[in-house]
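Remarks on the structure that follows.
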Amino acid sequence: MDNRKRAVALGLFDGVHLGHRAVINAALDMRKNGLSAVVFTFEPDCVLKKAGGASGFIYTQAEKEIILREMMEVDDIVSPPFESLCSLTGEEFAREILCRQIGAARVCCGNDFRFGKNAACGAHELTVFGKRFGFEVEVVSPVEYGGSVVSSSRIRELLLNGDIPSANELLGFGYFINAEVTDGNRIGRTIDFPTINQQFGEGQLVPKFGVYSTSTNVGGKVFPSVTNIGVKPTVGGVSAPLAETHIIGFSGDLYGKKTDVRFKSFIRSERKFSSLDELKTQISEDIEASKSVQ
């Protein structure tokens, strides 16, 4: 329906970092002109099809929606499977999707945005199509931080190196995981450090294996916590990397519930201990180290 009442932010928005936020904020700013702010993006697995996405997407679709709906408060999200649109030419995308389906009055994108079959079109072509189909185009300049352009690939590298503070600076907020708590081997309870286990999404980037200072939101209350990312080599039985978090000062059952864990800093690399007693001692030290950066 072509109602011409929407400002649309276009982009893959993997990570929703400072550069992405500039594009989305340009659409949000159009509310002052009576337009609703819509984000058009693709499902996260599209990252795996793009150059530089081999290490995985930063956020799952559910996590991206938390950022866009709850933190940035956009009015709507349009996120079709990549396969449903990849055969459209740039002109068809502008006419059928932006104009007829979304009803765009204004479209905001970065200067590196590509669209249309084989990514044949960019910001210049979008401006031309906008004049043809009746929507204005705003091309948002790249955002620089620390002397270079903020990008998802740069953030991926930081996460893979365990440099959480730098990643958080580029993201504009704390890197987090929000996933359902799954059942584990419950070894933590036997050494007085109960933990919650959370799986990463298939194809999702897994940060550097090791222990991190984190905070965990339980029912709106934020607790300090310490999180191990890896395969738990001391106890074994884990094939895929997961996040295992001990929530300091919390006791309760979170199995089956989605829980938000936000990362602050890297404490140490994951390693195998010779005994559960040695592991218990190390966890105590990790907790003290985590508390020092809360």
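Numbering starts fresh at 1 for the residues of each chain in the structure tokens, the chains themselves are lettered A, B, ... in the order given, and ligands are numbered from 1 as they appear.
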Contacts of Arg6 (chain A) at 9 Å (only C-alpha atoms; same-chain gap of 2+ positions) as a list in words: Asn3, Arg4, Val8, Ala27, Met30, Arg31, Gly34, Leu35, Ser36, Ala37, Val38, Ile102, Gly103, Ala104, Ala105, Arg106 and Val107 of chain A
Next, the residues of the selection above should be written as a compact mmCIF listing (two decimals), in the first residue's frame with all heavy atoms.
```
# COMPACT_ATOMS: atom_id res chain seq x y z
N ASN A 3 1.16 4.60 0.93
CA ASN A 3 0.57 5.69 1.70
C ASN A 3 1.54 6.85 1.93
O ASN A 3 1.16 7.87 2.50
CB ASN A 3 0.03 5.18 3.04
CG ASN A 3 1.09 4.44 3.85
OD1 ASN A 3 2.28 4.65 3.65
ND2 ASN A 3 0.63 3.60 4.76
N ARG A 4 2.80 6.68 1.51
CA ARG A 4 3.78 7.75 1.58
C ARG A 4 3.89 8.36 2.98
O ARG A 4 3.97 9.56 3.16
CB ARG A 4 3.45 8.86 0.56
CG ARG A 4 3.65 8.47 -0.89
CD ARG A 4 5.15 8.36 -1.19
NE ARG A 4 5.39 8.16 -2.61
CZ ARG A 4 5.52 6.98 -3.18
NH1 ARG A 4 5.38 5.89 -2.46
NH2 ARG A 4 5.77 6.89 -4.47
N VAL A 8 12.21 5.06 5.71
CA VAL A 8 12.77 3.71 5.73
C VAL A 8 14.29 3.76 5.83
O VAL A 8 14.95 4.42 5.02
CB VAL A 8 12.36 2.93 4.46
CG1 VAL A 8 12.85 1.49 4.54
CG2 VAL A 8 10.85 2.97 4.27
N ALA A 27 16.19 8.10 9.85
CA ALA A 27 14.78 7.76 9.63
C ALA A 27 13.94 8.17 10.83
O ALA A 27 12.84 8.72 10.68
CB ALA A 27 14.63 6.27 9.35
N MET A 30 12.73 11.70 11.03
CA MET A 30 11.63 12.09 10.15
C MET A 30 10.27 12.02 10.85
O MET A 30 9.26 12.44 10.29
CB MET A 30 11.61 11.22 8.90
CG MET A 30 12.73 11.52 7.92
SD MET A 30 12.62 13.20 7.22
CE MET A 30 13.85 14.05 8.22
N ARG A 31 10.25 11.53 12.08
CA ARG A 31 8.99 11.55 12.84
C ARG A 31 8.51 12.98 13.04
O ARG A 31 7.30 13.23 13.16
CB ARG A 31 9.19 10.88 14.20
CG ARG A 31 9.25 9.36 14.14
CD ARG A 31 9.57 8.80 15.50
NE ARG A 31 9.43 7.35 15.55
CZ ARG A 31 9.92 6.60 16.52
NH1 ARG A 31 10.60 7.16 17.51
NH2 ARG A 31 9.76 5.29 16.50
N GLY A 34 6.02 13.79 10.66
CA GLY A 34 4.82 12.95 10.63
C GLY A 34 5.01 11.58 10.00
O GLY A 34 4.03 10.88 9.76
N LEU A 35 6.26 11.18 9.77
CA LEU A 35 6.52 9.87 9.17
C LEU A 35 6.83 8.86 10.26
O LEU A 35 7.43 9.18 11.28
CB LEU A 35 7.70 9.94 8.21
CG LEU A 35 7.61 10.93 7.05
CD1 LEU A 35 8.85 10.80 6.17
CD2 LEU A 35 6.35 10.72 6.23
N SER A 36 6.41 7.62 10.07
CA SER A 36 6.81 6.54 10.96
C SER A 36 8.16 6.01 10.50
O SER A 36 8.50 6.08 9.32
CB SER A 36 5.78 5.42 10.98
OG SER A 36 5.61 4.85 9.69
N ALA A 37 8.96 5.47 11.44
CA ALA A 37 10.31 5.00 11.14
C ALA A 37 10.31 3.49 10.98
O ALA A 37 9.98 2.75 11.91
CB ALA A 37 11.27 5.43 12.24
N VAL A 38 10.71 3.04 9.80
CA VAL A 38 10.73 1.61 9.48
C VAL A 38 12.16 1.19 9.14
O VAL A 38 12.87 1.90 8.43
CB VAL A 38 9.82 1.31 8.28
CG1 VAL A 38 9.88 -0.18 7.91
CG2 VAL A 38 8.39 1.73 8.57
N ILE A 102 5.96 -0.84 0.96
CA ILE A 102 6.24 -0.12 2.20
C ILE A 102 5.66 1.28 2.20
O ILE A 102 5.27 1.81 3.23
CB ILE A 102 7.76 -0.08 2.46
CG1 ILE A 102 8.31 -1.50 2.62
CG2 ILE A 102 8.09 0.75 3.70
CD1 ILE A 102 9.80 -1.57 2.85
N GLY A 103 5.54 1.89 1.04
CA GLY A 103 5.02 3.25 0.97
C GLY A 103 6.01 4.27 1.49
O GLY A 103 5.66 5.12 2.31
N ALA A 104 7.23 4.20 1.02
CA ALA A 104 8.28 5.08 1.52
C ALA A 104 8.12 6.50 0.99
O ALA A 104 7.92 6.72 -0.20
CB ALA A 104 9.65 4.54 1.11
N ALA A 105 8.21 7.46 1.89
CA ALA A 105 8.29 8.86 1.51
C ALA A 105 9.74 9.33 1.53
O ALA A 105 10.13 10.25 0.81
CB ALA A 105 7.45 9.71 2.45
N ARG A 106 10.52 8.68 2.38
CA ARG A 106 11.95 9.00 2.49
C ARG A 106 12.70 7.71 2.78
O ARG A 106 12.24 6.87 3.56
CB ARG A 106 12.20 10.01 3.61
CG ARG A 106 13.62 10.58 3.64
CD ARG A 106 13.73 11.62 4.73
NE ARG A 106 15.01 12.30 4.76
CZ ARG A 106 15.31 13.39 4.07
NH1 ARG A 106 14.40 13.96 3.29
NH2 ARG A 106 16.51 13.96 4.17
N VAL A 107 13.85 7.55 2.14
CA VAL A 107 14.68 6.35 2.32
C VAL A 107 16.07 6.80 2.74
O VAL A 107 16.67 7.68 2.12
CB VAL A 107 14.75 5.52 1.02
CG1 VAL A 107 15.71 4.35 1.20
CG2 VAL A 107 13.36 5.02 0.62
```
Would you list, as a PyMOL selection string, the residues of region 100-259 of chain A that end up in strand (DSSP E or B) under DSSP run on this structure's backbone? chain A and resi 104-110+115+121+136-140+144-145+148-149+176-182+196-199+204+210-218+221-230+242-247+258-259
Pick out the residues sitting within 9 Å of Glu244 (chain A), and hand them over as a VMD selection string; count only C-alpha atoms, and ignore anything fewer than 5 positions along from it in its own chain. chain A and resid 195 to 199 226 to 230 232
Can you spit out the residues from that selection as a PDB file, in the first residue's frame, using N, CA and C atoms?
```pdb
ATOM      1  N   THR A 195      25.234 -22.418  37.350  1.00  0.00           N
ATOM      2  CA  THR A 195      25.356 -21.619  36.138  1.00  0.00           C
ATOM      3  C   THR A 195      24.147 -21.812  35.232  1.00  0.00           C
ATOM      4  N   ILE A 196      23.986 -20.876  34.301  1.00  0.00           N
ATOM      5  CA  ILE A 196      23.003 -21.039  33.234  1.00  0.00           C
ATOM      6  C   ILE A 196      23.768 -21.238  31.925  1.00  0.00           C
ATOM      7  N   ASN A 197      23.221 -22.073  31.058  1.00  0.00           N
ATOM      8  CA  ASN A 197      23.833 -22.336  29.757  1.00  0.00           C
ATOM      9  C   ASN A 197      22.982 -21.726  28.649  1.00  0.00           C
ATOM     10  N   GLN A 198      23.641 -21.082  27.694  1.00  0.00           N
ATOM     11  CA  GLN A 198      22.953 -20.504  26.541  1.00  0.00           C
ATOM     12  C   GLN A 198      23.711 -20.851  25.267  1.00  0.00           C
ATOM     13  N   GLN A 199      22.965 -21.290  24.261  1.00  0.00           N
ATOM     14  CA  GLN A 199      23.559 -21.662  22.982  1.00  0.00           C
ATOM     15  C   GLN A 199      23.619 -20.454  22.051  1.00  0.00           C
ATOM     16  N   VAL A 226      29.637 -13.688  35.850  1.00  0.00           N
ATOM     17  CA  VAL A 226      30.865 -14.074  35.166  1.00  0.00           C
ATOM     18  C   VAL A 226      30.499 -15.175  34.176  1.00  0.00           C
ATOM     19  N   THR A 227      30.986 -15.046  32.940  1.00  0.00           N
ATOM     20  CA  THR A 227      30.562 -15.931  31.856  1.00  0.00           C
ATOM     21  C   THR A 227      31.756 -16.594  31.193  1.00  0.00           C
ATOM     22  N   ASN A 228      31.660 -17.905  31.006  1.00  0.00           N
ATOM     23  CA  ASN A 228      32.663 -18.641  30.233  1.00  0.00           C
ATOM     24  C   ASN A 228      32.092 -18.969  28.859  1.00  0.00           C
ATOM     25  N   ILE A 229      32.833 -18.608  27.835  1.00  0.00           N
ATOM     26  CA  ILE A 229      32.467 -18.989  26.467  1.00  0.00           C
ATOM     27  C   ILE A 229      33.434 -20.067  26.011  1.00  0.00           C
ATOM     28  N   GLY A 230      32.890 -21.188  25.557  1.00  0.00           N
ATOM     29  CA  GLY A 230      33.741 -22.267  25.088  1.00  0.00           C
ATOM     30  C   GLY A 230      33.068 -23.610  25.163  1.00  0.00           C
ATOM     31  N   LYS A 232      33.834 -26.010  27.764  1.00  0.00           N
ATOM     32  CA  LYS A 232      33.982 -26.577  29.107  1.00  0.00           C
ATOM     33  C   LYS A 232      34.919 -27.790  29.121  1.00  0.00           C
TER      34      LYS A 232
END
```
Name the residues of region 11-192 of chain A that come out as helix (DSSP H, G or I) in a backbone DSSP run; write them as a PyMOL selection string. chain A and resi 18-33+44-49+61-71+82-84+90-102+117-119+123-133+152-160+164-171+187-190
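Around Val211 (chain A), within 10 Å and counting only C-alpha atoms, the residues found are Gly162, Val226, Thr227, Asn228, Ile229, Gly230, Ala243, Glu244, Thr245, Ser265, Phe266, Ile267, Arg268, Ser269, Glu270, Arg271, Ile283, Asp286, Ile287 and Ser290 of chain A, once anything fewer than 5 positions away on its own chain is removed.
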Write a file of the just-selected residues containing C-alpha atoms, as a CSV table (one decimal), in the first residue's frame.
```csv
chain,number,residue,atom,x,y,z
A,162,GLY,CA,38.1,-10.8,23.2
A,226,VAL,CA,30.9,-14.1,35.2
A,227,THR,CA,30.6,-15.9,31.9
A,228,ASN,CA,32.7,-18.6,30.2
A,229,ILE,CA,32.5,-19.0,26.5
A,230,GLY,CA,33.7,-22.3,25.1
A,243,ALA,CA,28.0,-19.4,27.1
A,244,GLU,CA,27.9,-20.5,30.7
A,245,THR,CA,27.1,-17.8,33.2
A,265,SER,CA,35.6,-7.3,29.6
A,266,PHE,CA,37.7,-10.4,29.0
A,267,ILE,CA,39.3,-11.9,32.1
A,268,ARG,CA,41.2,-15.0,30.9
A,269,SER,CA,41.4,-17.7,28.3
A,270,GLU,CA,39.5,-20.9,28.7
A,271,ARG,CA,41.6,-23.8,29.9
A,283,ILE,CA,36.0,-19.6,39.5
A,286,ASP,CA,37.2,-15.1,38.3
A,287,ILE,CA,34.3,-13.8,40.3
A,290,SER,CA,34.7,-9.8,37.5
```
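CA of Glu157 (chain A) sits 27.5 Å away from CA of Ile77 (chain A).
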Region 143-204 of chain A residues near region 55-64 of chain A within 9 Å, closest pair each, using only C-alpha atoms, as CSV:
```
residue,atom,partner,partner_atom,distance
A:Ser152,CA,A:Ile58,CA,8.0
A:Ile155,CA,A:Ile58,CA,8.6
A:Arg156,CA,A:Ile58,CA,7.1
A:Glu157,CA,A:Ser55,CA,8.9
A:Leu160,CA,A:Ser55,CA,8.7
A:Phe176,CA,A:Glu63,CA,8.5
A:Ile177,CA,A:Glu63,CA,7.3
A:Asn178,CA,A:Glu63,CA,6.2
A:Ala179,CA,A:Glu63,CA,8.4
A:Phe200,CA,A:Thr60,CA,8.6
A:Gly201,CA,A:Thr60,CA,6.6
A:Glu202,CA,A:Gly56,CA,8.7
A:Gly203,CA,A:Gly56,CA,5.2
A:Gln204,CA,A:Gly56,CA,4.6
```
Keeping all heavy atoms, export the residues of the selection given above as an mmCIF file, in the first residue's frame.
```cif
data_model
loop_
_atom_site.group_PDB
_atom_site.id
_atom_site.type_symbol
_atom_site.label_atom_id
_atom_site.label_comp_id
_atom_site.auth_asym_id
_atom_site.auth_seq_id
_atom_site.Cartn_x
_atom_site.Cartn_y
_atom_site.Cartn_z
ATOM 1 N N SER A 152 30.955 -3.665 10.717
ATOM 2 C CA SER A 152 30.677 -4.947 11.366
ATOM 3 C C SER A 152 31.894 -5.846 11.338
ATOM 4 O O SER A 152 32.160 -6.571 12.307
ATOM 5 C CB SER A 152 29.493 -5.638 10.685
ATOM 6 O OG SER A 152 28.299 -4.901 10.869
ATOM 7 N N ILE A 155 34.147 -4.968 14.146
ATOM 8 C CA ILE A 155 33.608 -5.432 15.427
ATOM 9 C C ILE A 155 33.790 -6.938 15.564
ATOM 10 O O ILE A 155 34.124 -7.439 16.645
ATOM 11 C CB ILE A 155 32.135 -5.030 15.565
ATOM 12 C CG1 ILE A 155 32.026 -3.501 15.657
ATOM 13 C CG2 ILE A 155 31.492 -5.681 16.790
ATOM 14 C CD1 ILE A 155 30.633 -2.962 15.515
ATOM 15 N N ARG A 156 33.574 -7.684 14.489
ATOM 16 C CA ARG A 156 33.801 -9.127 14.541
ATOM 17 C C ARG A 156 35.229 -9.450 14.969
ATOM 18 O O ARG A 156 35.475 -10.334 15.790
ATOM 19 C CB ARG A 156 33.517 -9.763 13.178
ATOM 20 C CG ARG A 156 32.058 -9.825 12.794
ATOM 21 C CD ARG A 156 31.877 -10.680 11.559
ATOM 22 N NE ARG A 156 30.568 -10.458 10.999
ATOM 23 C CZ ARG A 156 30.293 -9.602 10.012
ATOM 24 N NH1 ARG A 156 31.267 -8.909 9.458
ATOM 25 N NH2 ARG A 156 29.059 -9.447 9.583
ATOM 26 N N GLU A 157 36.167 -8.740 14.395
ATOM 27 C CA GLU A 157 37.576 -8.979 14.724
ATOM 28 C C GLU A 157 37.833 -8.713 16.200
ATOM 29 O O GLU A 157 38.551 -9.471 16.865
ATOM 30 C CB GLU A 157 38.468 -8.085 13.853
ATOM 31 C CG GLU A 157 39.955 -8.311 14.075
ATOM 32 C CD GLU A 157 40.820 -7.457 13.160
ATOM 33 O OE1 GLU A 157 40.260 -6.749 12.304
ATOM 34 O OE2 GLU A 157 42.053 -7.498 13.329
ATOM 35 N N LEU A 160 36.338 -11.549 18.265
ATOM 36 C CA LEU A 160 37.140 -12.762 18.129
ATOM 37 C C LEU A 160 38.449 -12.668 18.906
ATOM 38 O O LEU A 160 39.038 -13.687 19.269
ATOM 39 C CB LEU A 160 37.425 -13.044 16.651
ATOM 40 C CG LEU A 160 36.214 -13.467 15.807
ATOM 41 C CD1 LEU A 160 36.571 -13.503 14.325
ATOM 42 C CD2 LEU A 160 35.687 -14.828 16.254
ATOM 43 N N PHE A 176 25.886 -8.172 23.817
ATOM 44 C CA PHE A 176 25.076 -9.050 24.664
ATOM 45 C C PHE A 176 24.628 -10.290 23.903
ATOM 46 O O PHE A 176 24.668 -10.342 22.668
ATOM 47 C CB PHE A 176 23.847 -8.294 25.193
ATOM 48 C CG PHE A 176 22.786 -8.032 24.143
ATOM 49 C CD1 PHE A 176 21.662 -8.846 24.040
ATOM 50 C CD2 PHE A 176 22.900 -6.959 23.264
ATOM 51 C CE1 PHE A 176 20.686 -8.605 23.083
ATOM 52 C CE2 PHE A 176 21.930 -6.709 22.302
ATOM 53 C CZ PHE A 176 20.813 -7.541 22.216
ATOM 54 N N ILE A 177 24.213 -11.278 24.666
ATOM 55 C CA ILE A 177 23.499 -12.416 24.103
ATOM 56 C C ILE A 177 22.154 -12.496 24.819
ATOM 57 O O ILE A 177 22.049 -12.215 26.014
ATOM 58 C CB ILE A 177 24.270 -13.746 24.248
ATOM 59 C CG1 ILE A 177 24.615 -14.042 25.721
ATOM 60 C CG2 ILE A 177 25.540 -13.733 23.414
ATOM 61 C CD1 ILE A 177 25.256 -15.392 25.939
ATOM 62 N N ASN A 178 21.123 -12.823 24.073
ATOM 63 C CA ASN A 178 19.792 -12.994 24.648
ATOM 64 C C ASN A 178 19.250 -14.292 24.083
ATOM 65 O O ASN A 178 18.803 -14.340 22.935
ATOM 66 C CB ASN A 178 18.883 -11.819 24.305
ATOM 67 C CG ASN A 178 17.521 -11.937 24.978
ATOM 68 O OD1 ASN A 178 16.661 -12.695 24.539
ATOM 69 N ND2 ASN A 178 17.319 -11.169 26.040
ATOM 70 N N ALA A 179 19.351 -15.347 24.860
ATOM 71 C CA ALA A 179 18.978 -16.672 24.377
ATOM 72 C C ALA A 179 18.328 -17.465 25.501
ATOM 73 O O ALA A 179 18.486 -17.159 26.681
ATOM 74 C CB ALA A 179 20.211 -17.409 23.852
ATOM 75 N N PHE A 200 24.651 -20.397 21.230
ATOM 76 C CA PHE A 200 24.704 -19.405 20.155
ATOM 77 C C PHE A 200 23.875 -19.922 18.974
ATOM 78 O O PHE A 200 23.716 -21.128 18.789
ATOM 79 C CB PHE A 200 26.144 -19.159 19.717
ATOM 80 C CG PHE A 200 26.959 -18.425 20.742
ATOM 81 C CD1 PHE A 200 27.686 -19.120 21.708
ATOM 82 C CD2 PHE A 200 26.999 -17.043 20.765
ATOM 83 C CE1 PHE A 200 28.421 -18.455 22.664
ATOM 84 C CE2 PHE A 200 27.744 -16.362 21.721
ATOM 85 C CZ PHE A 200 28.459 -17.071 22.672
ATOM 86 N N GLY A 201 23.341 -18.999 18.177
ATOM 87 C CA GLY A 201 22.573 -19.397 17.012
ATOM 88 C C GLY A 201 23.450 -20.043 15.957
ATOM 89 O O GLY A 201 24.658 -19.779 15.887
ATOM 90 N N GLU A 202 22.848 -20.891 15.143
ATOM 91 C CA GLU A 202 23.599 -21.525 14.057
ATOM 92 C C GLU A 202 24.099 -20.454 13.095
ATOM 93 O O GLU A 202 23.326 -19.672 12.564
ATOM 94 C CB GLU A 202 22.709 -22.520 13.321
ATOM 95 C CG GLU A 202 23.440 -23.292 12.242
ATOM 96 C CD GLU A 202 22.562 -24.321 11.555
ATOM 97 O OE1 GLU A 202 21.414 -24.524 12.016
ATOM 98 O OE2 GLU A 202 23.022 -24.911 10.557
ATOM 99 N N GLY A 203 25.397 -20.413 12.907
ATOM 100 C CA GLY A 203 25.999 -19.401 12.041
ATOM 101 C C GLY A 203 26.365 -18.115 12.759
ATOM 102 O O GLY A 203 26.912 -17.199 12.140
ATOM 103 N N GLN A 204 26.089 -18.033 14.062
ATOM 104 C CA GLN A 204 26.392 -16.817 14.816
ATOM 105 C C GLN A 204 27.852 -16.787 15.239
ATOM 106 O O GLN A 204 28.452 -17.810 15.573
ATOM 107 C CB GLN A 204 25.499 -16.730 16.047
ATOM 108 C CG GLN A 204 25.628 -15.420 16.823
ATOM 109 C CD GLN A 204 24.629 -15.309 17.962
ATOM 110 O OE1 GLN A 204 24.001 -16.295 18.346
ATOM 111 N NE2 GLN A 204 24.464 -14.114 18.500
#
```
Selection: 6 Å around Thr41 (chain A), only C-alpha atoms, excl. self and same-chain fewer than 4 positions, as a ChimeraX atom specification: /A:11-12,79
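Coordinates place CA of Glu65 (chain A) at a distance of 17.4 Å from CA of Leu205 (chain A).
For the choices A:Glu138, A:Thr89, A:Asp260, A:Gly146, the atom-to-atom distance to Ile66 (chain A) is smallest for A:Asp260 when using only C-alpha atoms.
Shortest separation to Val143 (chain A) among A:Leu85, A:Val181, A:His17, A:Phe263 occurs at residue A:His17, atoms counted being only C-alpha atoms.
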Which distance in Å separates CA of Ile247 (chain A) and CA of Phe223 (chain A), to one decimal? 6.4 Å
Closest of A:Ala289, A:Ile97, A:Leu18, A:Leu159 to Phe40 (chain A) - atom-to-atom distances counting only C-alpha atoms: A:Ile97
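With only C-alpha atoms as the atoms that count, the minimum distance from Phe42 (chain A) to the choices A:Glu285, A:Leu170, A:Cys86, A:Pro207 is reached by A:Cys86.
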